[in-house]
Structures are given as C-alpha cells and as structure tokens.
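K.L.:
Handing over input_32.txt, compact mmCIF, C-alpha atoms.
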# COMPACT_ATOMS: atom_id res chain seq x y z
CA MET A 622 0.00 0.00 0.00
CA MET A 623 1.44 3.33 -1.08
CA GLU A 624 1.68 6.15 1.45
CA LYS A 625 -0.08 9.37 0.44
CA ILE A 626 2.38 12.24 0.79
CA PHE A 627 0.52 15.06 -0.95
CA GLY A 628 -3.13 16.00 -1.14
CA ARG A 629 -5.70 18.74 -0.81
CA PRO A 630 -5.61 20.49 2.59
CA GLU A 631 -8.63 19.84 4.77
CA SER A 632 -9.12 23.61 4.96
CA LEU A 633 -9.77 23.77 1.20
CA LEU A 634 -13.01 22.53 -0.34
CA ASP A 635 -12.75 20.16 -3.30
CA VAL A 636 -13.93 22.66 -5.91
CA PRO A 637 -12.12 24.32 -8.83
CA PHE A 638 -10.95 27.91 -8.50
CA HIS A 639 -12.49 30.55 -10.74
CA TYR A 640 -9.29 32.59 -10.99
CA CYS A 641 -7.67 33.37 -14.34
CA PRO A 642 -4.87 31.10 -15.61
CA GLY A 643 -1.58 32.18 -14.06
CA CYS A 644 -3.18 34.09 -11.20
CA HIS A 645 -1.47 33.42 -7.89
CA HIS A 646 -4.60 33.54 -5.70
CA GLY A 647 -4.97 29.75 -5.88
CA ILE A 648 -1.43 29.19 -4.63
CA ILE A 649 -1.92 31.68 -1.80
CA HIS A 650 -5.22 30.06 -0.83
CA ARG A 651 -3.49 26.71 -0.58
CA LEU A 652 -0.66 28.06 1.57
CA VAL A 653 -3.13 29.66 3.97
CA ALA A 654 -5.10 26.40 4.12
CA GLU A 655 -1.97 24.32 4.76
CA VAL A 656 -0.95 26.60 7.63
CA ILE A 657 -4.39 26.45 9.23
CA ASP A 658 -4.32 22.64 9.00
CA GLU A 659 -0.85 22.47 10.54
CA LEU A 660 -1.90 24.74 13.40
CA LYS A 661 -5.01 22.58 13.90
CA VAL A 662 -7.35 25.57 14.09
CA ARG A 663 -9.65 24.91 11.12
CA THR A 664 -12.82 24.55 13.18
CA SER A 665 -12.13 27.80 15.03
CA THR A 666 -10.96 29.91 12.07
CA ILE A 667 -12.97 32.75 10.53
CA GLY A 668 -11.89 34.53 7.35
CA VAL A 669 -13.00 37.92 6.07
CA ALA A 670 -12.89 38.70 2.34
CA PRO A 671 -13.98 42.09 0.97
CA VAL A 672 -14.63 43.20 -2.61
CA GLY A 673 -12.01 42.14 -5.14
CA CYS A 674 -10.95 39.04 -7.04
CA SER A 675 -10.96 37.12 -3.75
CA VAL A 676 -14.56 38.05 -2.92
CA LEU A 677 -15.62 34.43 -3.53
CA ALA A 678 -13.08 33.01 -1.06
CA TYR A 679 -15.94 31.55 0.96
CA GLU A 680 -16.48 29.08 -1.88
CA TYR A 681 -12.99 27.62 -1.43
CA PHE A 682 -12.14 27.59 2.27
CA ASN A 683 -13.55 24.83 4.44
CA PHE A 684 -14.39 27.11 7.36
CA ASP A 685 -16.53 30.19 7.97
CA VAL A 686 -15.75 33.25 5.83
CA TYR A 687 -17.49 36.61 6.06
CA GLU A 688 -17.88 38.93 3.10
CA ALA A 689 -17.14 42.56 3.98
CA ALA A 690 -17.82 45.83 2.19
CA HIS A 691 -15.01 47.15 -0.01
CA GLY A 692 -12.00 47.95 2.16
CA ARG A 693 -13.77 47.18 5.44
CA ALA A 694 -12.41 43.69 6.14
CA PRO A 695 -10.21 44.87 9.07
CA ALA A 696 -13.22 46.47 10.75
CA VAL A 697 -15.29 43.30 10.37
CA ALA A 698 -12.37 41.16 11.55
CA THR A 699 -11.93 43.43 14.56
CA GLY A 700 -15.55 42.88 15.56
CA VAL A 701 -15.29 39.12 15.12
CA LYS A 702 -12.06 38.82 17.12
CA ARG A 703 -13.32 40.97 19.98
CA VAL A 704 -16.57 39.07 20.29
CA LEU A 705 -14.90 35.67 19.77
CA PRO A 706 -11.36 36.16 21.13
CA ASP A 707 -10.54 32.44 21.03
CA THR A 708 -11.03 32.19 17.26
CA THR A 709 -8.35 32.59 14.59
CA VAL A 710 -9.37 35.55 12.43
CA PHE A 711 -7.76 36.71 9.19
CA THR A 712 -8.53 39.10 6.36
CA TYR A 713 -7.69 38.29 2.74
CA GLN A 714 -7.34 41.54 0.78
CA GLY A 715 -6.06 42.85 -2.54
CA ASP A 716 -4.01 45.99 -3.06
CA GLY A 717 -6.87 48.01 -4.53
CA ASP A 718 -8.96 47.11 -1.51
CA LEU A 719 -6.38 47.45 1.27
CA ALA A 720 -4.22 50.30 -0.01
CA ALA A 721 -6.96 52.51 -1.49
CA ILE A 722 -10.50 52.53 -0.08
CA GLY A 723 -9.41 50.43 2.91
CA CYS A 724 -6.22 52.33 3.75
CA ALA A 725 -7.67 53.95 6.90
CA GLU A 726 -9.18 50.65 8.04
CA ILE A 727 -5.91 48.72 7.89
CA MET A 728 -3.93 51.59 9.42
CA HIS A 729 -6.20 51.88 12.43
CA ALA A 730 -6.42 48.11 12.91
CA ALA A 731 -2.63 48.16 13.19
CA ILE A 732 -2.66 51.26 15.40
CA ARG A 733 -5.06 49.53 17.80
CA GLY A 734 -2.88 46.42 17.70
CA GLU A 735 -5.84 44.26 16.76
CA LYS A 736 -5.00 40.58 17.22
CA ILE A 737 -5.83 39.61 13.65
CA THR A 738 -3.82 38.43 10.66
CA THR A 739 -3.98 40.05 7.23
CA ILE A 740 -3.01 38.34 3.97
CA PHE A 741 -2.39 41.22 1.54
CA VAL A 742 -2.23 40.20 -2.13
CA ASN A 743 -0.41 42.85 -4.17
CA ASN A 744 -0.65 42.52 -7.97
CA ALA A 745 -0.17 46.25 -8.62
CA ILE A 746 -3.54 46.70 -10.30
CA TYR A 747 -7.30 46.55 -9.77
CA GLY A 748 -8.03 43.02 -10.97
CA MET A 749 -11.76 42.40 -10.58
CA THR A 750 -12.96 45.75 -11.97
CA GLY A 751 -11.01 45.66 -15.22
CA GLY A 752 -7.41 46.66 -14.61
CA GLN A 753 -7.39 50.24 -13.38
CA MET A 754 -4.36 51.86 -11.72
CA ALA A 755 -4.01 51.01 -8.02
CA PRO A 756 -2.00 52.75 -5.28
CA THR A 757 0.61 50.01 -5.81
CA THR A 758 0.87 50.34 -9.61
CA LEU A 759 4.49 50.88 -10.63
CA ILE A 760 5.85 53.97 -12.33
CA GLU A 761 5.29 53.76 -16.13
CA GLN A 762 3.07 50.68 -15.68
CA VAL A 763 0.24 50.72 -18.21
CA THR A 764 -3.31 50.20 -16.93
CA GLN A 765 -6.82 51.04 -18.11
CA THR A 766 -6.63 54.40 -16.31
CA SER A 767 -2.94 55.05 -17.01
CA PRO A 768 -2.71 54.14 -20.72
CA TYR A 769 0.61 56.00 -21.05
CA GLY A 770 1.98 54.55 -17.82
CA ARG A 771 1.78 55.76 -14.24
CA ASN A 772 3.05 59.33 -14.06
CA GLN A 773 4.86 60.17 -10.84
CA ASP A 774 4.33 63.93 -11.29
CA ILE A 775 0.56 63.47 -11.43
CA VAL A 776 -0.22 60.62 -9.04
CA GLY A 777 2.94 60.18 -6.97
CA MET A 778 4.89 57.04 -6.17
CA PRO A 779 3.51 53.53 -5.56
CA VAL A 780 2.83 53.03 -1.85
CA LYS A 781 4.81 50.43 0.07
CA MET A 782 2.13 49.41 2.56
CA SER A 783 4.32 46.94 4.44
CA GLU A 784 6.95 49.58 5.18
CA VAL A 785 4.25 52.06 6.20
CA LEU A 786 2.53 49.65 8.58
CA ALA A 787 5.87 48.53 10.03
CA THR A 788 6.26 52.00 11.59
CA ILE A 789 3.16 51.45 13.74
CA ASP A 790 3.74 50.13 17.27
CA GLY A 791 0.66 47.87 17.23
CA ALA A 792 1.96 46.02 14.16
CA LYS A 793 4.16 43.22 15.48
CA PHE A 794 4.93 41.18 12.38
CA ILE A 795 5.16 42.45 8.80
CA ALA A 796 6.60 40.44 5.90
CA ARG A 797 6.64 40.62 2.12
CA VAL A 798 6.84 37.40 0.13
CA ALA A 799 6.18 36.04 -3.36
CA VAL A 800 5.02 32.73 -4.81
CA ASN A 801 6.79 32.90 -8.16
CA ASN A 802 8.91 29.78 -7.56
CA PRO A 803 9.04 26.84 -5.11
CA ALA A 804 11.72 28.42 -2.90
CA ASN A 805 9.69 31.59 -2.45
CA MET A 806 6.52 29.57 -1.87
CA ALA A 807 8.24 27.87 1.07
CA LYS A 808 9.28 31.24 2.49
CA ALA A 809 5.77 32.58 1.95
CA LYS A 810 4.24 29.69 3.86
CA ALA A 811 6.68 30.20 6.73
CA ALA A 812 5.79 33.88 6.95
CA ILE A 813 2.06 33.15 6.86
CA LYS A 814 2.48 30.61 9.65
CA LYS A 815 4.44 33.12 11.72
CA ALA A 816 1.72 35.73 11.21
CA PHE A 817 -0.92 33.35 12.57
CA GLU A 818 1.33 32.39 15.48
CA ILE A 819 1.71 36.09 16.39
CA GLN A 820 -2.09 36.22 16.65
CA HIS A 821 -2.25 33.07 18.77
CA GLN A 822 0.35 34.53 21.12
CA GLY A 823 -1.80 37.65 21.52
CA LEU A 824 1.02 39.97 20.52
CA GLY A 825 -0.89 42.24 18.14
CA PHE A 826 -1.46 42.88 14.44
CA ALA A 827 0.35 40.82 11.78
CA MET A 828 0.38 41.12 7.99
CA VAL A 829 1.95 39.20 5.14
CA GLU A 830 2.09 40.95 1.77
CA VAL A 831 2.24 38.51 -1.14
CA LEU A 832 3.40 39.82 -4.52
CA SER A 833 1.16 38.30 -7.18
CA THR A 834 0.61 38.31 -10.92
CA CYS A 835 -2.46 39.43 -12.87
CA PRO A 836 -1.83 38.04 -16.37
CA THR A 837 -5.27 39.05 -17.70
CA ASN A 838 -5.07 42.74 -16.79
CA TRP A 839 -1.34 42.94 -17.43
CA ALA A 840 -2.10 41.56 -20.93
CA MET A 841 0.55 38.86 -20.56
CA THR A 842 0.82 35.10 -20.58
CA PRO A 843 1.30 33.44 -17.18
CA VAL A 844 4.99 32.92 -17.94
CA GLN A 845 5.46 36.52 -19.04
CA ALA A 846 3.62 37.77 -15.97
CA THR A 847 5.84 35.82 -13.60
CA LYS A 848 8.94 37.17 -15.32
CA TRP A 849 7.54 40.73 -15.15
CA LEU A 850 6.93 40.31 -11.41
CA GLU A 851 10.50 39.13 -10.91
CA GLU A 852 12.06 41.90 -13.00
CA ASN A 853 9.84 44.81 -11.93
CA MET A 854 7.83 44.22 -8.75
CA ILE A 855 10.42 42.49 -6.58
CA PRO A 856 13.09 45.21 -7.12
CA TYR A 857 10.60 47.89 -6.01
CA TYR A 858 8.90 45.78 -3.35
CA PRO A 859 11.81 43.83 -1.83
CA LEU A 860 11.05 40.50 -0.19
CA GLY A 861 11.76 39.64 3.42
CA ILE A 862 10.75 40.05 7.05
CA ILE A 863 10.23 43.78 7.52
CA LYS A 864 9.29 43.72 11.19
CA SER A 865 9.15 40.98 13.81
CA PRO A 866 8.84 40.81 17.60
CA GLU A 867 12.55 39.97 17.84
CA GLU A 868 13.45 43.18 16.03
CA VAL A 869 11.06 45.20 18.20
CA ALA A 870 12.79 43.91 21.32
CA LYS A 871 16.26 45.06 20.21
Write the structure described by the file as structure tokens, please.

P.N.:
Amino acid sequence: MMEKIFGRPESLLDVPFHYCPGCHHGIIHRLVAEVIDELKVRTSTIGVAPVGCSVLAYEYFNFDVYEAAHGRAPAVATGVKRVLPDTTVFTYQGDGDLAAIGCAEIMHAAIRGEKITTIFVNNAIYGMTGGQMAPTTLIEQVTQTSPYGRNQDIVGMPVKMSEVLATIDGAKFIARVAVNNPANMAKAKAAIKKAFEIQHQGLGFAMVEVLSTCPTNWAMTPVQATKWLEENMIPYYPLGIIKSPEEVAK
C-alpha cells in the first residue's frame, strides 16, 4: 500500500478555483489552508474577504468566511475577534482594496494592535474591476486608467504598505513574500504561519504581503507575468521580514 504524501488540505473545499490562468490567488489560498491545517485551528478559524478578485473566497475555504464591504475587512475582523477572542481571524485583501478605499481601516487596525492576521495580495492593479491603476501600480506601468503609464508627477509614487505599517507600534509582524517559484513559496508559507502564530500569542497585528501576478489585466501570458513580477515588482517591493517581535525587542 502506497503512502499518500501530498493531497488537498482539509481547509480547502474540493472545488475548482475561478481565478484566471496564471493568477497566484490559488497558490496563496493553498498556503493559507496548509498553515491552518498544521496549526489545527480549522474549526475555530474565521476569514473575512472584501470586494475584489478574492470576494468568492468563501467558496474555497472549508471554514466560515465573512464577506465585507469594499476595504472594510479589518473592521469586520476586529468585531469578530473581539466578540470571539478564542477564534483565529484573518482578512484576505487585494491591493486596490487594502491600499486605497481600505487604507484607513488597515492603518487603524494596526494602530489599535488588533489581534488579527492580514493576507495582503499585491498585484499592482485593480483586478476584478477591469485593470485600473491602483495605489501600488508601478511607475510607467500601463493600466486602463494610465494608458501611457503611471506618471509620478501626477499621481505620486507607488505606496509600500508593508513599510508604512511597520512604523506602527501595534503592528508586530510584517513580511513581504512572493510565490513565483518553489523556494519563495516555502518562504511565503513560513511567513504566513508566523503571522498566525503572532495572533495566537496575543502579541498584536500581523500582515503578510504577497506579490502576485495578474496576467489578464497585465495583458501577458502566465509565464510573461511571472517574469515581469520578478524583474519589476520584486526590485521595487523587496522581499523579506520587515518587522518581527525579535526586532522590536532590540
């Protein structure tokens, strides 16, 4: 009898994803699910997904998931965690959601040191609504609302949300990762696990930013999109642990 060494995480339902070919949401979903399984908290986990490509996350995770208004996932997660402090609560947000309409929500959740975990998927564009420029869109990047490329003189520089949130005392763990290759997937999973552990230890707010592709709205093949992420996004949004409790203690 052969031993099964790889399979679908219990925290993922056995249904196909609706995401576009080459999109990294499916990989990120799996990593989150694997971590929740390993921590043995599936039956006490509650996710919050606002408007964006991940709005249908409740169709994929095998635990309770709320749907929040655009940008308001941290507020909903705050309410859930305060009413049910023994649950594991996380938000799953895109860059258009978290860094634009939800910027105040995520900032104040971190300021209050809310004991929640945020998975922040940054693909430098508004994915679900057709590919408009986001706060994270790179300089000269072409989108539906920046057809000649993002102009720094008109709209400023792309915001580095992880670095911004790392300056807040209530934020205890901030990391930026990518899932463009197996080595980075392993590092991403480790960071996600650490972010959930920070919550379980009651230390405060934790966020993992995951750089992701959007082949459809970037008008690229999946292979081209991954290469573009490696050559353009990672140099501007460097990977690594930006803030951790160990660094705070120094």

K.L.:
Counting only C-alpha atoms, which residues of region 745-772 of chain A fall within 10 Å of region 842-863 of chain A, and what is the closest atom pair for each with its distance in Å at one decimal, ordered by chain and rising number, as a Markdown table?

P.N.:
| residue | atom | partner | partner_atom | distance |
| --- | --- | --- | --- | --- |
| A:Ala745 | CA | A:Met854 | CA | 8.3 |
| A:Thr757 | CA | A:Tyr858 | CA | 9.6 |
| A:Thr758 | CA | A:Met854 | CA | 9.3 |
| A:Leu759 | CA | A:Met854 | CA | 7.7 |
| A:Ile760 | CA | A:Tyr857 | CA | 10.0 |
| A:Gln762 | CA | A:Asn853 | CA | 9.7 |

K.L.:
Rounded to one decimal in Å, what is the spacing between CA of Trp839 (chain A) and CA of Ser767 (chain A)?

P.N.:
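Taking CA of Trp839 (chain A) as the start and CA of Ser767 (chain A) as the end point, the length is 12.2 Å.
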
K.L.:
Could you check which of A:Ser783, A:Gln765, A:Ser675, A:Thr664 is closest to Cys641 (chain A), using all atoms listed in the file?

P.N.:
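For Cys641 (chain A), the nearest of the given residues is A:Ser675.
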
K.L.:
Take the point (3.0, 35.0, 3.5) in the file's coordinates, draw a sphere of radius 12 Å around it, and report as a VMD selection string every protein, DNA or RNA residue with an atom inside or on it, counting all atoms listed in the file.

P.N.:
chain A and resid 648 to 656 713 738 to 743 794 to 800 805 to 817 827 to 833 860 to 862

K.L.:
For region 771-804 of chain A versus region 723-728 of chain A, which residues have an atom no more than 9 Å away, and what is each residue's nearest atom pair and distance in Å rounded to one decimal, using all atoms listed in the file, chain-then-number order, as a Markdown table?

P.N.:
| residue | atom | partner | partner_atom | distance |
| --- | --- | --- | --- | --- |
| A:Met782 | CA | A:Cys724 | CA | 8.9 |
| A:Val785 | CA | A:Met728 | CA | 8.8 |
| A:Leu786 | CA | A:Met728 | CA | 6.8 |
| A:Ile789 | CA | A:Met728 | CA | 8.3 |

K.L.:
Write a file of the just-selected residues containing C-alpha atoms, as a PDB file, in the frame of the given file.

P.N.:
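Saved to part-v9.pdb:
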ATOM      1  CA  MET A 782       2.130  49.410   2.560  1.00  0.00           C
ATOM      2  CA  VAL A 785       4.250  52.060   6.200  1.00  0.00           C
ATOM      3  CA  LEU A 786       2.530  49.650   8.580  1.00  0.00           C
ATOM      4  CA  ILE A 789       3.160  51.450  13.740  1.00  0.00           C
TER       5      ILE A 789
END

K.L.:
Could you tell me how far CA of Ile732 (chain A) lies from CA of Phe826 (chain A), in Å and to one decimal?

P.N.:
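Separation of CA of Ile732 (chain A) and CA of Phe826 (chain A): 8.5 Å.
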
K.L.:
Residues near Pro642 (chain A), anyone? I mean within 10 Å using all atoms listed in the file, not counting same-chain ones fewer than 4 positions away, as an MDAnalysis selection string.

P.N.:
chainID A and resid 638 647 835:837 842:843

K.L.:
Write the selection just made, keeping C-alpha atoms, as an mmCIF file, in the frame of the given file?

P.N.:
data_model
loop_
_atom_site.group_PDB
_atom_site.id
_atom_site.type_symbol
_atom_site.label_atom_id
_atom_site.label_comp_id
_atom_site.auth_asym_id
_atom_site.auth_seq_id
_atom_site.Cartn_x
_atom_site.Cartn_y
_atom_site.Cartn_z
ATOM 1 C CA PHE A 638 -10.950 27.910 -8.500
ATOM 2 C CA GLY A 647 -4.970 29.750 -5.880
ATOM 3 C CA CYS A 835 -2.460 39.430 -12.870
ATOM 4 C CA PRO A 836 -1.830 38.040 -16.370
ATOM 5 C CA THR A 837 -5.270 39.050 -17.700
ATOM 6 C CA THR A 842 0.820 35.100 -20.580
ATOM 7 C CA PRO A 843 1.300 33.440 -17.180
#

K.L.:
Figure out the distance between CA of His645 (chain A) and CA of Thr709 (chain A), please, to one decimal in Å.

P.N.:
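These atoms are spaced 23.5 Å apart.
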
K.L.:
Considering all atoms listed in the file, state which residue in the set A:Arg771, A:Lys661, A:His639, A:His691 is at the smallest distance from Gly715 (chain A).

P.N.:
A:His691

K.L.:
Which is closest to Leu633 (chain A) among A:Gly791, A:Cys674, A:Phe682, A:Leu660, if we use only C-alpha atoms?

P.N.:
A:Phe682

K.L.:
May I have the residues within 9 Å of Glu688 (chain A) as a PyMOL selection string, using only C-alpha atoms and disregarding those fewer than 5 positions away in the same chain?

P.N.:
chain A and resi 668-672+676-679+694+697

K.L.:
Dig up all the protein and nucleic acid residues within 8 Å of (-1.4, 53.6, 0.7) in the file frame, using all atoms listed in the file, and format them as a list in words.

P.N.:
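Final list of nearby residues, as requested, is Leu719, Ala720, Ala721, Cys724, Pro756, Thr757, Pro779, Val780, Lys781 and Met782 of chain A.
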
K.L.:
Those same residues - C-alpha atoms - I'd like them written as a PDB file, keeping the file's coordinate frame.

P.N.:
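The result, stored in result29.pdb:
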ATOM      1  CA  LEU A 719      -6.380  47.450   1.270  1.00  0.00           C
ATOM      2  CA  ALA A 720      -4.220  50.300  -0.010  1.00  0.00           C
ATOM      3  CA  ALA A 721      -6.960  52.510  -1.490  1.00  0.00           C
ATOM      4  CA  CYS A 724      -6.220  52.330   3.750  1.00  0.00           C
ATOM      5  CA  PRO A 756      -2.000  52.750  -5.280  1.00  0.00           C
ATOM      6  CA  THR A 757       0.610  50.010  -5.810  1.00  0.00           C
ATOM      7  CA  PRO A 779       3.510  53.530  -5.560  1.00  0.00           C
ATOM      8  CA  VAL A 780       2.830  53.030  -1.850  1.00  0.00           C
ATOM      9  CA  LYS A 781       4.810  50.430   0.070  1.00  0.00           C
ATOM     10  CA  MET A 782       2.130  49.410   2.560  1.00  0.00           C
TER      11      MET A 782
END

K.L.:
Nearest to Leu824 (chain A): which of A:Met749, A:Ala731, A:Ile626, A:Val763 is it, counting only C-alpha atoms?

P.N.:
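Selected residue with least distance to Leu824 (chain A): A:Ala731.
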
K.L.:
Could you give me, as a count of residues only, the residues within 12 Å of Gly700 (chain A), counting all atoms listed in the file and dropping anything in the same chain fewer than 4 positions from it?

P.N.:
18
